[in-house]
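Below is final-v2.pdb, holding PDB, C-alpha atoms.
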```
ATOM      1  CA  MET A   1     252.166  85.396  54.413
ATOM      2  CA  SER A   2     253.863  86.824  57.491
ATOM      3  CA  PHE A   3     252.872  87.044  61.139
ATOM      4  CA  ARG A   4     252.832  90.674  62.343
ATOM      5  CA  PRO A   5     252.983  90.977  66.159
ATOM      6  CA  THR A   6     253.955  94.177  67.955
ATOM      7  CA  VAL A   7     255.118  95.188  71.404
ATOM      8  CA  SER A   8     253.694  98.564  72.431
ATOM      9  CA  VAL A   9     254.989 100.524  75.391
ATOM     10  CA  TYR A  10     252.296 102.271  77.428
ATOM     11  CA  ILE A  11     252.907 104.834  80.152
ATOM     12  CA  GLY A  12     250.050 106.275  82.172
ATOM     13  CA  GLY A  13     247.489 104.773  79.810
ATOM     14  CA  SER A  14     249.006 106.391  76.689
ATOM     15  CA  ILE A  15     251.087 104.732  74.006
ATOM     16  CA  ALA A  16     254.720 105.850  73.984
ATOM     17  CA  ASP A  17     256.397 103.478  71.543
ATOM     18  CA  ILE A  18     255.852 100.433  69.353
ATOM     19  CA  THR A  19     258.087  97.780  67.824
ATOM     20  CA  TYR A  20     257.074  95.479  65.001
ATOM     21  CA  PHE A  21     258.440  91.929  65.140
ATOM     22  CA  ARG A  22     257.796  90.258  61.778
ATOM     23  CA  ASN A  23     257.436  86.483  62.161
ATOM     24  CA  ALA A  24     258.761  86.669  65.720
ATOM     25  CA  LEU A  25     259.207  83.614  67.883
ATOM     26  CA  PRO A  26     257.211  83.575  71.111
ATOM     27  CA  GLU A  27     260.468  83.739  73.075
ATOM     28  CA  THR A  28     261.356  87.006  71.365
ATOM     29  CA  LEU A  29     258.005  88.569  72.212
ATOM     30  CA  LEU A  30     258.181  87.347  75.807
ATOM     31  CA  PHE A  31     261.812  88.351  76.430
ATOM     32  CA  GLU A  32     261.435  91.740  74.745
ATOM     33  CA  SER A  33     258.214  92.785  76.492
ATOM     34  CA  VAL A  34     259.384  91.662  79.945
ATOM     35  CA  ALA A  35     262.801  93.311  79.488
ATOM     36  CA  LEU A  36     261.176  96.613  78.482
ATOM     37  CA  VAL A  37     259.054  96.655  81.638
ATOM     38  CA  LEU A  38     262.035  95.790  83.832
ATOM     39  CA  LEU A  39     264.368  98.306  82.159
ATOM     40  CA  TYR A  40     262.026 101.283  81.890
ATOM     41  CA  GLY A  41     259.253 100.711  84.449
ATOM     42  CA  GLY A  42     258.390 103.912  86.295
ATOM     43  CA  CYS A  43     259.710 106.225  83.563
ATOM     44  CA  THR A  44     257.715 109.154  82.265
ATOM     45  CA  ARG A  45     257.086 109.233  78.504
ATOM     46  CA  SER A  46     259.829 111.800  78.033
ATOM     47  CA  GLU A  47     262.346 109.841  80.148
ATOM     48  CA  TYR A  48     261.539 106.619  78.333
ATOM     49  CA  LEU A  49     261.888 108.103  74.847
ATOM     50  CA  LEU A  50     265.141 109.862  75.685
ATOM     51  CA  ARG A  51     266.649 106.751  77.287
ATOM     52  CA  ARG A  52     265.390 104.385  74.588
ATOM     53  CA  HIS A  53     265.744 106.474  71.429
ATOM     54  CA  GLY A  54     267.748 109.554  72.401
ATOM     55  CA  ALA A  55     264.915 111.819  71.195
ATOM     56  CA  GLU A  56     261.315 112.563  72.076
ATOM     57  CA  ARG A  57     260.154 113.012  68.492
ATOM     58  CA  PHE A  58     260.986 110.829  65.537
ATOM     59  CA  ASP A  59     259.301 109.076  62.633
ATOM     60  CA  PHE A  60     258.816 105.424  61.814
ATOM     61  CA  LEU A  61     259.646 104.718  58.187
ATOM     62  CA  VAL A  62     257.017 102.396  56.735
ATOM     63  CA  SER A  63     258.028 102.753  53.138
ATOM     64  CA  PRO A  64     256.999 104.903  51.407
ATOM     65  CA  GLU A  65     255.381 106.682  54.383
ATOM     66  CA  ARG A  66     256.805 108.313  57.471
ATOM     67  CA  ILE A  67     254.659 107.915  60.565
ATOM     68  CA  PRO A  68     255.380 110.212  63.522
ATOM     69  CA  ASN A  69     255.640 108.785  67.014
ATOM     70  CA  SER A  70     252.564 110.782  67.986
ATOM     71  CA  GLU A  71     249.643 109.134  69.780
ATOM     72  CA  GLU A  72     247.734 109.004  66.489
ATOM     73  CA  GLY A  73     250.636 107.533  64.517
ATOM     74  CA  LEU A  74     251.447 104.928  67.151
ATOM     75  CA  LYS A  75     247.796 103.883  67.539
ATOM     76  CA  PHE A  76     247.578 103.452  63.757
ATOM     77  CA  LEU A  77     250.610 101.149  63.770
ATOM     78  CA  GLU A  78     249.187  99.209  66.721
ATOM     79  CA  SER A  79     245.877  98.726  64.891
ATOM     80  CA  CYS A  80     247.795  96.833  62.168
ATOM     81  CA  SER A  81     249.151  94.277  64.656
ATOM     82  CA  GLU A  82     248.066  90.653  64.561
ATOM     83  CA  LEU A  83     249.126  90.199  68.200
ATOM     84  CA  PRO A  84     249.291  93.532  70.083
ATOM     85  CA  ILE A  85     251.373  92.918  73.198
ATOM     86  CA  VAL A  86     251.458  95.730  75.740
ATOM     87  CA  ALA A  87     254.471  96.433  77.953
ATOM     88  CA  ASP A  88     252.715  98.622  80.530
ATOM     89  CA  LEU A  89     255.416 100.589  82.345
ATOM     90  CA  THR A  90     252.955 102.101  84.823
ATOM     91  CA  ALA A  91     251.239  98.847  85.826
ATOM     92  CA  MET A  92     254.532  96.903  85.504
ATOM     93  CA  ALA A  93     252.748  94.228  83.491
ATOM     94  CA  VAL A  94     252.704  92.543  80.097
ATOM     95  CA  TYR A  95     249.427  91.581  78.433
ATOM     96  CA  CYS A  96     247.673  91.456  75.065
ATOM     97  CA  SER A  97     245.439  94.368  74.179
ATOM     98  CA  GLU A  98     245.008  97.081  71.623
ATOM     99  CA  GLY A  99     245.529  99.920  74.064
ATOM    100  CA  ALA A 100     246.235 100.016  77.772
ATOM    101  CA  LEU A 101     243.834  98.362  80.158
ATOM    102  CA  SER A 102     242.371 100.222  83.117
ATOM    103  CA  GLU A 103     243.352  99.184  86.647
ATOM    104  CA  LYS A 104     240.015  97.398  87.010
ATOM    105  CA  GLU A 105     240.389  95.541  83.692
ATOM    106  CA  LEU A 106     243.963  94.573  84.534
ATOM    107  CA  ALA A 107     242.974  93.346  88.005
ATOM    108  CA  ALA A 108     240.365  91.081  86.386
ATOM    109  CA  LEU A 109     242.983  89.335  84.211
ATOM    110  CA  PRO A 110     244.427  86.152  85.705
ATOM    111  CA  SER A 111     248.142  86.011  86.376
ATOM    112  CA  LEU A 112     249.934  83.721  83.960
ATOM    113  CA  ALA A 113     252.601  83.050  86.591
ATOM    114  CA  GLU A 114     249.934  81.183  88.558
ATOM    115  CA  SER A 115     248.898  79.152  85.521
ATOM    116  CA  THR A 116     250.206  75.597  85.528
ATOM    117  CA  ALA A 117     250.005  75.574  81.744
ATOM    118  CA  PHE A 118     252.267  78.636  81.493
ATOM    119  CA  ARG A 119     254.807  77.365  84.040
ATOM    120  CA  THR A 120     255.133  73.988  82.352
ATOM    121  CA  LEU A 121     255.515  75.184  78.783
ATOM    122  CA  SER A 122     258.009  73.069  76.957
ATOM    123  CA  SER A 123     258.929  72.135  73.419
ATOM    124  CA  PRO A 124     257.421  71.209  71.029
ATOM    125  CA  TYR A 125     254.249  72.868  72.311
ATOM    126  CA  TRP A 126     255.770  76.125  73.574
ATOM    127  CA  GLU A 127     254.711  78.255  70.616
ATOM    128  CA  ASP A 128     251.097  77.052  70.435
ATOM    129  CA  ALA A 129     250.652  77.288  74.203
ATOM    130  CA  PHE A 130     252.221  80.744  74.436
ATOM    131  CA  PHE A 131     250.077  82.227  71.684
ATOM    132  CA  SER A 132     246.904  80.797  73.219
ATOM    133  CA  LEU A 133     247.752  81.662  76.858
ATOM    134  CA  LEU A 134     249.108  85.228  76.596
ATOM    135  CA  PRO A 135     245.864  86.775  75.293
ATOM    136  CA  ARG A 136     244.008  85.290  78.282
ATOM    137  CA  GLY A 137     246.122  86.678  81.117
ATOM    138  CA  LYS A 138     248.898  88.984  82.249
ATOM    139  CA  ILE A 139     252.473  88.761  83.401
ATOM    140  CA  ASP A 140     252.599  90.868  86.548
ATOM    141  CA  LEU A 141     256.105  92.193  87.205
ATOM    142  CA  SER A 142     255.142  94.680  89.933
ATOM    143  CA  LYS A 143     256.614  92.577  92.745
ATOM    144  CA  VAL A 144     259.698  91.369  90.889
ATOM    145  CA  ASP A 145     263.127  92.451  92.143
ATOM    146  CA  ARG A 146     264.066  94.368  88.995
ATOM    147  CA  ARG A 147     267.814  94.498  89.671
ATOM    148  CA  ARG A 148     267.946  90.732  90.209
ATOM    149  CA  ALA A 149     265.748  90.012  87.181
ATOM    150  CA  LEU A 150     267.870  92.236  84.927
ATOM    151  CA  SER A 151     270.982  90.485  86.223
ATOM    152  CA  LEU A 152     269.409  87.122  85.319
ATOM    153  CA  PHE A 153     268.632  88.431  81.839
ATOM    154  CA  ARG A 154     272.258  89.521  81.410
ATOM    155  CA  GLY A 155     273.478  86.080  82.471
ATOM    156  CA  CYS A 156     271.068  84.205  80.214
ATOM    157  CA  PRO A 157     272.666  83.007  76.958
ATOM    158  CA  GLU A 158     269.217  82.901  75.334
ATOM    159  CA  ALA A 159     268.710  86.632  75.970
ATOM    160  CA  THR A 160     271.171  87.614  73.255
ATOM    161  CA  ARG A 161     269.250  85.471  70.808
ATOM    162  CA  PHE A 162     265.758  86.643  71.683
ATOM    163  CA  LEU A 163     266.159  90.318  72.631
ATOM    164  CA  SER A 164     266.352  93.025  69.996
ATOM    165  CA  ASP A 165     269.790  94.577  69.614
ATOM    166  CA  HIS A 166     268.479  97.857  71.004
ATOM    167  CA  THR A 167     267.118  96.205  74.158
ATOM    168  CA  TRP A 168     270.210  94.037  74.622
ATOM    169  CA  ILE A 169     272.430  97.160  74.537
ATOM    170  CA  ALA A 170     270.173  98.914  77.071
ATOM    171  CA  LEU A 171     270.325  95.817  79.270
ATOM    172  CA  GLU A 172     274.121  95.745  79.134
ATOM    173  CA  GLU A 173     274.311  99.476  79.873
ATOM    174  CA  SER A 174     272.002  99.088  82.892
ATOM    175  CA  ALA A 175     274.577  96.918  84.690
TER     176      ALA A 175
END
```
In structure tokens, how does this file's structure come out?
Amino acid sequence: MSFRPTVSVYIGGSIADITYFRNALPETLLFESVALVLLYGGCTRSEYLLRRHGAERFDFLVSPERIPNSEEGLKFLESCSELPIVADLTAMAVYCSEGALSEKELAALPSLAESTAFRTLSSPYWEDAFFSLLPRGKIDLSKVDRRRALSLFRGCPEATRFLSDHTWIALEESA
């Protein structure tokens, strides 16, 4: 049986994109979701889709079906997720939820950066701790120096291992 987490991109409270990461490591989910917020934060839906995919409309092939990247299609795919991670480009935050949280709901979530448990994650407990901590808080990137953070990602040897090819290329091109 496989583990089926997703990373959904939300802009202005609406879903814009989704990526399925079958049996993903926690590092992959963390790196990917944070990189998406840092790379595309502040984009409109149209800007994001054009920069990320080169088109505003396309289909996801979930054999034998084709699912359009419409709100309805994306929400359906998100409903199938076993761990729906949100990369909220408007709030500049990463959190677990099926759908975007309101400002009030997001403000009520504790910051994982302030959590001792999150800051001291280390092997061999990283995976268990990550999967139990992420659904209980948020990673707030609103005050992060995006240029510096993206530069750190580019200089991190682990980034090539944990980022999707698509995101790694976008990261390299953002230099």
Once the PyMOL selection byres ((chain A and resi 100-102) around 12) has been evaluated on this model, what residues remain selected, and can you format them as a CSV table (one decimal) with C-alpha atoms, keeping the file's coordinate frame?
```
chain,number,residue,atom,x,y,z
A,7,VAL,CA,255.1,95.2,71.4
A,8,SER,CA,253.7,98.6,72.4
A,9,VAL,CA,255.0,100.5,75.4
A,10,TYR,CA,252.3,102.3,77.4
A,11,ILE,CA,252.9,104.8,80.2
A,12,GLY,CA,250.0,106.3,82.2
A,13,GLY,CA,247.5,104.8,79.8
A,14,SER,CA,249.0,106.4,76.7
A,15,ILE,CA,251.1,104.7,74.0
A,16,ALA,CA,254.7,105.8,74.0
A,75,LYS,CA,247.8,103.9,67.5
A,78,GLU,CA,249.2,99.2,66.7
A,84,PRO,CA,249.3,93.5,70.1
A,85,ILE,CA,251.4,92.9,73.2
A,86,VAL,CA,251.5,95.7,75.7
A,87,ALA,CA,254.5,96.4,78.0
A,88,ASP,CA,252.7,98.6,80.5
A,89,LEU,CA,255.4,100.6,82.3
A,90,THR,CA,253.0,102.1,84.8
A,91,ALA,CA,251.2,98.8,85.8
A,92,MET,CA,254.5,96.9,85.5
A,93,ALA,CA,252.7,94.2,83.5
A,94,VAL,CA,252.7,92.5,80.1
A,95,TYR,CA,249.4,91.6,78.4
A,96,CYS,CA,247.7,91.5,75.1
A,97,SER,CA,245.4,94.4,74.2
A,98,GLU,CA,245.0,97.1,71.6
A,99,GLY,CA,245.5,99.9,74.1
A,103,GLU,CA,243.4,99.2,86.6
A,104,LYS,CA,240.0,97.4,87.0
A,105,GLU,CA,240.4,95.5,83.7
A,106,LEU,CA,244.0,94.6,84.5
A,107,ALA,CA,243.0,93.3,88.0
A,108,ALA,CA,240.4,91.1,86.4
A,109,LEU,CA,243.0,89.3,84.2
A,137,GLY,CA,246.1,86.7,81.1
A,138,LYS,CA,248.9,89.0,82.2
```
From A:Ser174, A:Ser151, A:Ser164, A:Asn23, residue lying nearest A:Ser2 [only C-alpha atoms]: A:Asn23
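Among the candidate residues A:Glu173, A:Glu32, A:Asp17, A:Glu47, the one lying nearest to A:Ser70 is A:Asp17, with distances computed using all atoms listed in the file.
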Please compute the atom CA of A:Val34-atom CA of A:Leu74 distance, one decimal, in Å. 20.1 Å
Have a look at A:Glu27, A:Gly41, A:Ala113, A:Ala35 and name the one nearest to A:Ser142; count all atoms listed in the file. A:Gly41
List as a ChimeraX atom specification the protein and nucleic acid residues near A:Leu77, meaning an atom at most 8 Å away when all atoms listed in the file are counted, but skip any in the same chain fewer than 4 places from it. /A:18,73,81
Just C-alpha atoms for this one: save the residues we selected as a short mmCIF file (atom, residue, chain, number, x, y, z; two decimals), keeping the file's coordinate frame.
```
data_model
loop_
_atom_site.label_atom_id
_atom_site.label_comp_id
_atom_site.auth_asym_id
_atom_site.auth_seq_id
_atom_site.Cartn_x
_atom_site.Cartn_y
_atom_site.Cartn_z
CA ILE A 18 255.85 100.43 69.35
CA GLY A 73 250.64 107.53 64.52
CA SER A 81 249.15 94.28 64.66
#
```
Calculate how many Å separate atom CA of A:Phe21 from atom CA of A:Trp168, rounding to one decimal. 15.3 Å
Build an axis-aligned box that encloses every atom of stretch 32-35 of chain A listed in the file, pad it by 8 Å on each side, and report its centre and edge lengths in Å to one decimal, as JSON.
```
{"center_x": 260.5, "center_y": 92.5, "center_z": 77.3, "size_x": 20.6, "size_y": 17.6, "size_z": 21.2}
```
One number please: atom CA of A:Ala175 to atom CA of A:Leu50, in Å, one decimal.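 So the two atoms, atom CA of A:Ala175 and atom CA of A:Leu50, lie 18.4 Å apart.
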With only C-alpha atoms as the atoms that count, which of A:Ser63, A:Val37, A:Leu112, A:Ser132 lies nearest to A:Leu171?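 Checking each candidate against A:Leu171, we get A:Val37 as the closest.
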Could you check the closest approach to A:Leu29 for each of A:Glu172, A:Glu127, A:Asp59, A:Glu114 and tell me which residue wins, using all atoms listed in the file?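 The shortest atom-to-atom distance to A:Leu29 comes from A:Glu127.
Using all atoms listed in the file for every distance, the candidate list A:Thr167, A:Ser79, A:Ser115, A:Ser33 yields A:Ser33 as the residue closest to A:Leu141.
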Quick one: which residues end up in the PyMOL selection byres ((chain A and resi 52) around 9) for this structure, as number ranges by chain? A: 40, 47-51, 53-55, 166-167, 170
Any chance you could work out the residue set of the PyMOL selection byres ((chain A and resi 4) around 6) here, as a list in words?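 What the PyMOL selection byres ((chain A and resi 4) around 6) grabs from the file is Phe3, Pro5, Arg22, Ser81 and Glu82 of chain A.
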Put those residues in a file: C-alpha atoms, as a PDB file, in the frame of the given file.
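Wrote again_2.pdb, looks like this:
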```
ATOM      1  CA  PHE A   3     252.872  87.044  61.139  1.00  0.00           C
ATOM      2  CA  PRO A   5     252.983  90.977  66.159  1.00  0.00           C
ATOM      3  CA  ARG A  22     257.796  90.258  61.778  1.00  0.00           C
ATOM      4  CA  SER A  81     249.151  94.277  64.656  1.00  0.00           C
ATOM      5  CA  GLU A  82     248.066  90.653  64.561  1.00  0.00           C
TER       6      GLU A  82
END
```
With the input short on atoms, add N, CA, C and O atoms back to stretch 150-169 of chain A and write it as a short mmCIF file (atom, residue, chain, number, x, y, z; two decimals), keeping the file's coordinate frame.
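Resulting contents of out.cif:
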```
data_model
loop_
_atom_site.label_atom_id
_atom_site.label_comp_id
_atom_site.auth_asym_id
_atom_site.auth_seq_id
_atom_site.Cartn_x
_atom_site.Cartn_y
_atom_site.Cartn_z
N LEU A 150 267.02 91.74 86.01
CA LEU A 150 267.87 92.24 84.93
C LEU A 150 269.22 91.53 84.93
O LEU A 150 269.78 91.23 83.87
N SER A 151 269.73 91.23 86.11
CA SER A 151 270.98 90.48 86.22
C SER A 151 270.82 89.08 85.64
O SER A 151 271.71 88.58 84.94
N LEU A 152 269.68 88.44 85.89
CA LEU A 152 269.41 87.12 85.32
C LEU A 152 269.32 87.19 83.80
O LEU A 152 269.83 86.31 83.10
N PHE A 153 268.70 88.25 83.29
CA PHE A 153 268.63 88.43 81.84
C PHE A 153 270.04 88.53 81.26
O PHE A 153 270.35 87.90 80.26
N ARG A 154 270.90 89.33 81.91
CA ARG A 154 272.26 89.52 81.41
C ARG A 154 273.03 88.21 81.40
O ARG A 154 273.87 87.99 80.54
N GLY A 155 272.77 87.36 82.37
CA GLY A 155 273.48 86.08 82.47
C GLY A 155 272.85 84.95 81.67
O GLY A 155 273.36 83.83 81.67
N CYS A 156 271.78 85.23 80.98
CA CYS A 156 271.07 84.20 80.21
C CYS A 156 271.56 84.18 78.77
O CYS A 156 271.38 85.15 78.04
N PRO A 157 272.18 83.07 78.34
CA PRO A 157 272.67 83.01 76.96
C PRO A 157 271.55 83.18 75.93
O PRO A 157 271.78 83.72 74.84
N GLU A 158 270.34 82.77 76.26
CA GLU A 158 269.22 82.90 75.33
C GLU A 158 268.82 84.36 75.11
O GLU A 158 268.25 84.70 74.08
N ALA A 159 269.11 85.22 76.08
CA ALA A 159 268.71 86.63 75.97
C ALA A 159 269.31 87.29 74.73
O ALA A 159 268.63 88.05 74.05
N THR A 160 270.55 87.00 74.43
CA THR A 160 271.17 87.61 73.26
C THR A 160 270.49 87.17 71.97
O THR A 160 270.46 87.90 71.00
N ARG A 161 269.93 85.99 71.99
CA ARG A 161 269.25 85.47 70.81
C ARG A 161 267.84 86.02 70.64
O ARG A 161 267.37 86.21 69.53
N PHE A 162 267.17 86.29 71.76
CA PHE A 162 265.76 86.64 71.68
C PHE A 162 265.46 88.12 71.91
O PHE A 162 264.37 88.58 71.59
N LEU A 163 266.38 88.88 72.44
CA LEU A 163 266.16 90.32 72.63
C LEU A 163 266.59 91.07 71.38
O LEU A 163 267.55 90.68 70.70
N SER A 164 265.91 92.17 71.10
CA SER A 164 266.35 93.02 70.00
C SER A 164 267.71 93.61 70.37
O SER A 164 268.07 93.71 71.54
N ASP A 165 268.47 93.99 69.36
CA ASP A 165 269.79 94.58 69.61
C ASP A 165 269.68 95.80 70.51
O ASP A 165 270.48 95.99 71.43
N HIS A 166 268.68 96.62 70.24
CA HIS A 166 268.48 97.86 71.00
C HIS A 166 268.25 97.56 72.49
O HIS A 166 268.81 98.21 73.37
N THR A 167 267.42 96.55 72.77
CA THR A 167 267.12 96.20 74.16
C THR A 167 268.31 95.53 74.82
O THR A 167 268.61 95.77 75.99
N TRP A 168 269.03 94.70 74.07
CA TRP A 168 270.21 94.04 74.62
C TRP A 168 271.26 95.08 75.03
O TRP A 168 271.85 95.00 76.10
N ILE A 169 271.47 96.10 74.20
CA ILE A 169 272.43 97.16 74.54
C ILE A 169 271.99 97.90 75.79
O ILE A 169 272.79 98.16 76.68
#
```
